[in-house]
Each structure stands twice: as C-alpha cells, then as structure tokens.
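Peer 1: Just passing along the structure, written as structure tokens.
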Amino acid sequence: MKKNITISLILVLLTNCGWIGFNTPPDIIDNKLPYWLKLGARTTDELDMIVIHATELPDMAEARFYGERVLYGDQTGASGHYYIDRDGTIIQYVPDNRIANHTSGWNSRTLGIELINLGRFPNWYHTDYQKMQEPYPPDQINALIILVNELKSRYPSIKFVNGHEELDTRLVPSDNNPEILVSRKMDPGAYFPWKKFIEAVKLIKKIPNKK
C-alpha cells in the first residue's frame, strides 16, 4: 500500500513538473485566418525549422486582430501558423502547407509558433523599454513542447529551432530618439526556457544554411 502511494506521489510530482504527457497528441483549435488561401502553397517536405515567437501583445484577441490585418499587396498579413495562450490553448491560424509571413527571409521552410506574451508592449521601440516584461507560464511551455513533438513526428525533415530574434537581427530607429537604434525583434527573449525546451524536443538550436 505504502509503495503504491509513493509511486502515485512521484507521478503527481513529475506531472506538475511538466515531464509527463509530452508525447500526447495536442488538442489544436482550427481557426484559419480569412486570407489563408491567398498565402503561398508548399509541400511539407520543405520544412526544416521551427521559429519561436512572442506576440508582444496582451492577449489572444489582440493577436487575432493583428493577424487579420491586410498588410501586403497579395491581400495577406503577418502571422504565425500556431498561437499558444498562457493556459496552453493551441490555435492554428495557417495550415502547415501554406507559407505564413512570420520571419523575413525564412518563411518558405519554417513553421512559426507564437506565444501570447506582453514582450515590450506597447512601447516596442522606445529606448526605455527594451526588456521583455513577462515570463512564460509552465502550461504554455508544456503545450509548446507537446506541439513541437507532434510536428516533428509529422515532418521528420524538421531538424532546427530558433527564436525570432536570432533570425531577424535588424535594428530600427527608436520611437523617442531616431538617432538611437533598437532591435526590431527581441522574441522570445530572455524569459524563454531554452534549456528545458531543447531537452524536451531534441531539435538543434542553430541557424541552418540558407537554401
């Protein structure tokens, strides 16, 4: 009896630490963007990298508003493929076989995953606010790990993972002093738990050669 209780307690502790269930298929809500059919088509054989983003927005509703905005001549906008809320809810905005506009220069071969997170909101380019504001909750990171492991099982060609900030290193004039440059992208930023994430998904954190 005592042995069974001990095993049960260990399982509960491991579950709370987030180490059980990473191979469970994720529950993904399909909520495609209105313009998804206008995004470029591709074969999923081309995929070799996942890009981790932070929305730098307050919530999923705001992220949806930004994702639906038409910004380009082909009547599409900027968004990732998947969005993960703080409670671990996963919503798919763009099908995997469509090219989402999420990381300049890398879109054709990548899947973009957006984590709801304040980032530098609403002072993205002000020199006094160049630090990410919000840690990533465990439920959100665990959902990300489950999703990435699922994507790896679907697409064995995926070998790499990087943060948005590592792939887009451009600088832009700051809002309060155009003579001072700040990072265009800082996500997912210093709060992202890269060590835990890499251990759980077994991808290579390295920028691959451009094709």
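Within each chain, counting starts at residue 1; across the structure tokens, chains are named A, B, ... in the order shown, with ligands numbered 1 upward in that order.
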Can you pull out the residues contacting A:Val94? Cut-off 9 Å, using only C-alpha atoms, and skip same-chain residues under 2 positions away; I want them as a PyMOL selection string.
Peer 2: chain A and resi 30-33+36+39+79-82+92+96-100
Peer 1: Hey, what's within 7 Å of A:Arg109 if we count only C-alpha atoms and toss same-chain stuff fewer than 4 positions away? As a PyMOL selection string, please?
Peer 2: chain A and resi 46-49
Peer 1: Hey, what's within 12 Å of stretch 175-191 of chain A if we count only C-alpha atoms and toss same-chain stuff fewer than 3 positions away? As a ChimeraX atom specification, please?
Peer 2: /A:51-57,102-104,112-138,141,162-172,194-196
Peer 1: List every residue of stretch 65-179 of chain A that DSSP, applied to the backbone, labels as strand (DSSP E), and write the result as number ranges by chain.
Peer 2: A: 82-84, 90-92, 110-115, 160-163, 171-173
Peer 1: Would you save the residues of that selection, restricted to N, CA and C atoms, as a compact mmCIF listing (two decimals), in the first residue's frame?
Peer 2:
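New file again_8.txt:
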# COMPACT_ATOMS: atom_id res chain seq x y z
N TYR A 82 0.82 28.72 -35.63
CA TYR A 82 0.16 28.33 -34.38
C TYR A 82 0.32 29.43 -33.34
N TYR A 83 -0.71 29.58 -32.50
CA TYR A 83 -0.68 30.51 -31.38
C TYR A 83 -1.00 29.74 -30.11
N ILE A 84 -0.21 29.97 -29.07
CA ILE A 84 -0.42 29.26 -27.80
C ILE A 84 -0.68 30.28 -26.71
N ILE A 90 -4.04 25.89 -27.81
CA ILE A 90 -3.33 25.99 -29.09
C ILE A 90 -4.35 26.27 -30.19
N ILE A 91 -4.10 27.31 -30.97
CA ILE A 91 -4.98 27.67 -32.09
C ILE A 91 -4.13 27.74 -33.36
N GLN A 92 -4.62 27.13 -34.43
CA GLN A 92 -3.90 27.17 -35.70
C GLN A 92 -4.53 28.23 -36.60
N THR A 110 9.84 27.17 -42.90
CA THR A 110 9.63 27.16 -41.45
C THR A 110 8.17 27.12 -41.05
N LEU A 111 7.95 26.69 -39.81
CA LEU A 111 6.66 26.84 -39.13
C LEU A 111 6.86 27.85 -38.01
N GLY A 112 5.97 28.84 -37.94
CA GLY A 112 6.06 29.85 -36.90
C GLY A 112 5.07 29.57 -35.78
N ILE A 113 5.59 29.56 -34.54
CA ILE A 113 4.75 29.35 -33.37
C ILE A 113 4.81 30.60 -32.50
N GLU A 114 3.66 31.19 -32.24
CA GLU A 114 3.55 32.43 -31.48
C GLU A 114 3.05 32.14 -30.07
N LEU A 115 3.77 32.65 -29.09
CA LEU A 115 3.37 32.53 -27.69
C LEU A 115 2.77 33.86 -27.24
N PHE A 160 15.74 21.81 -36.96
CA PHE A 160 16.27 23.01 -36.31
C PHE A 160 15.16 23.78 -35.61
N VAL A 161 15.57 24.59 -34.63
CA VAL A 161 14.67 25.53 -33.98
C VAL A 161 15.46 26.77 -33.62
N ASN A 162 14.82 27.93 -33.77
CA ASN A 162 15.45 29.18 -33.38
C ASN A 162 14.40 30.16 -32.90
N GLY A 163 14.87 31.17 -32.19
CA GLY A 163 13.99 32.26 -31.81
C GLY A 163 13.94 33.30 -32.92
N LEU A 171 18.03 46.34 -36.94
CA LEU A 171 17.82 47.42 -35.99
C LEU A 171 16.95 48.49 -36.65
N VAL A 172 16.17 49.19 -35.82
CA VAL A 172 15.29 50.25 -36.32
C VAL A 172 15.46 51.48 -35.44
N PRO A 173 15.18 52.67 -35.97
CA PRO A 173 15.25 53.88 -35.13
C PRO A 173 14.25 53.80 -33.98
Peer 1: Determine which residues of chain A DSSP labels as helix (DSSP H, G or I) from the backbone of this structure, then write them out as number ranges by chain.
Peer 2: A: 2-17, 36-38, 44-46, 60-68, 107-109, 127-129, 138-154, 164-167, 194-201
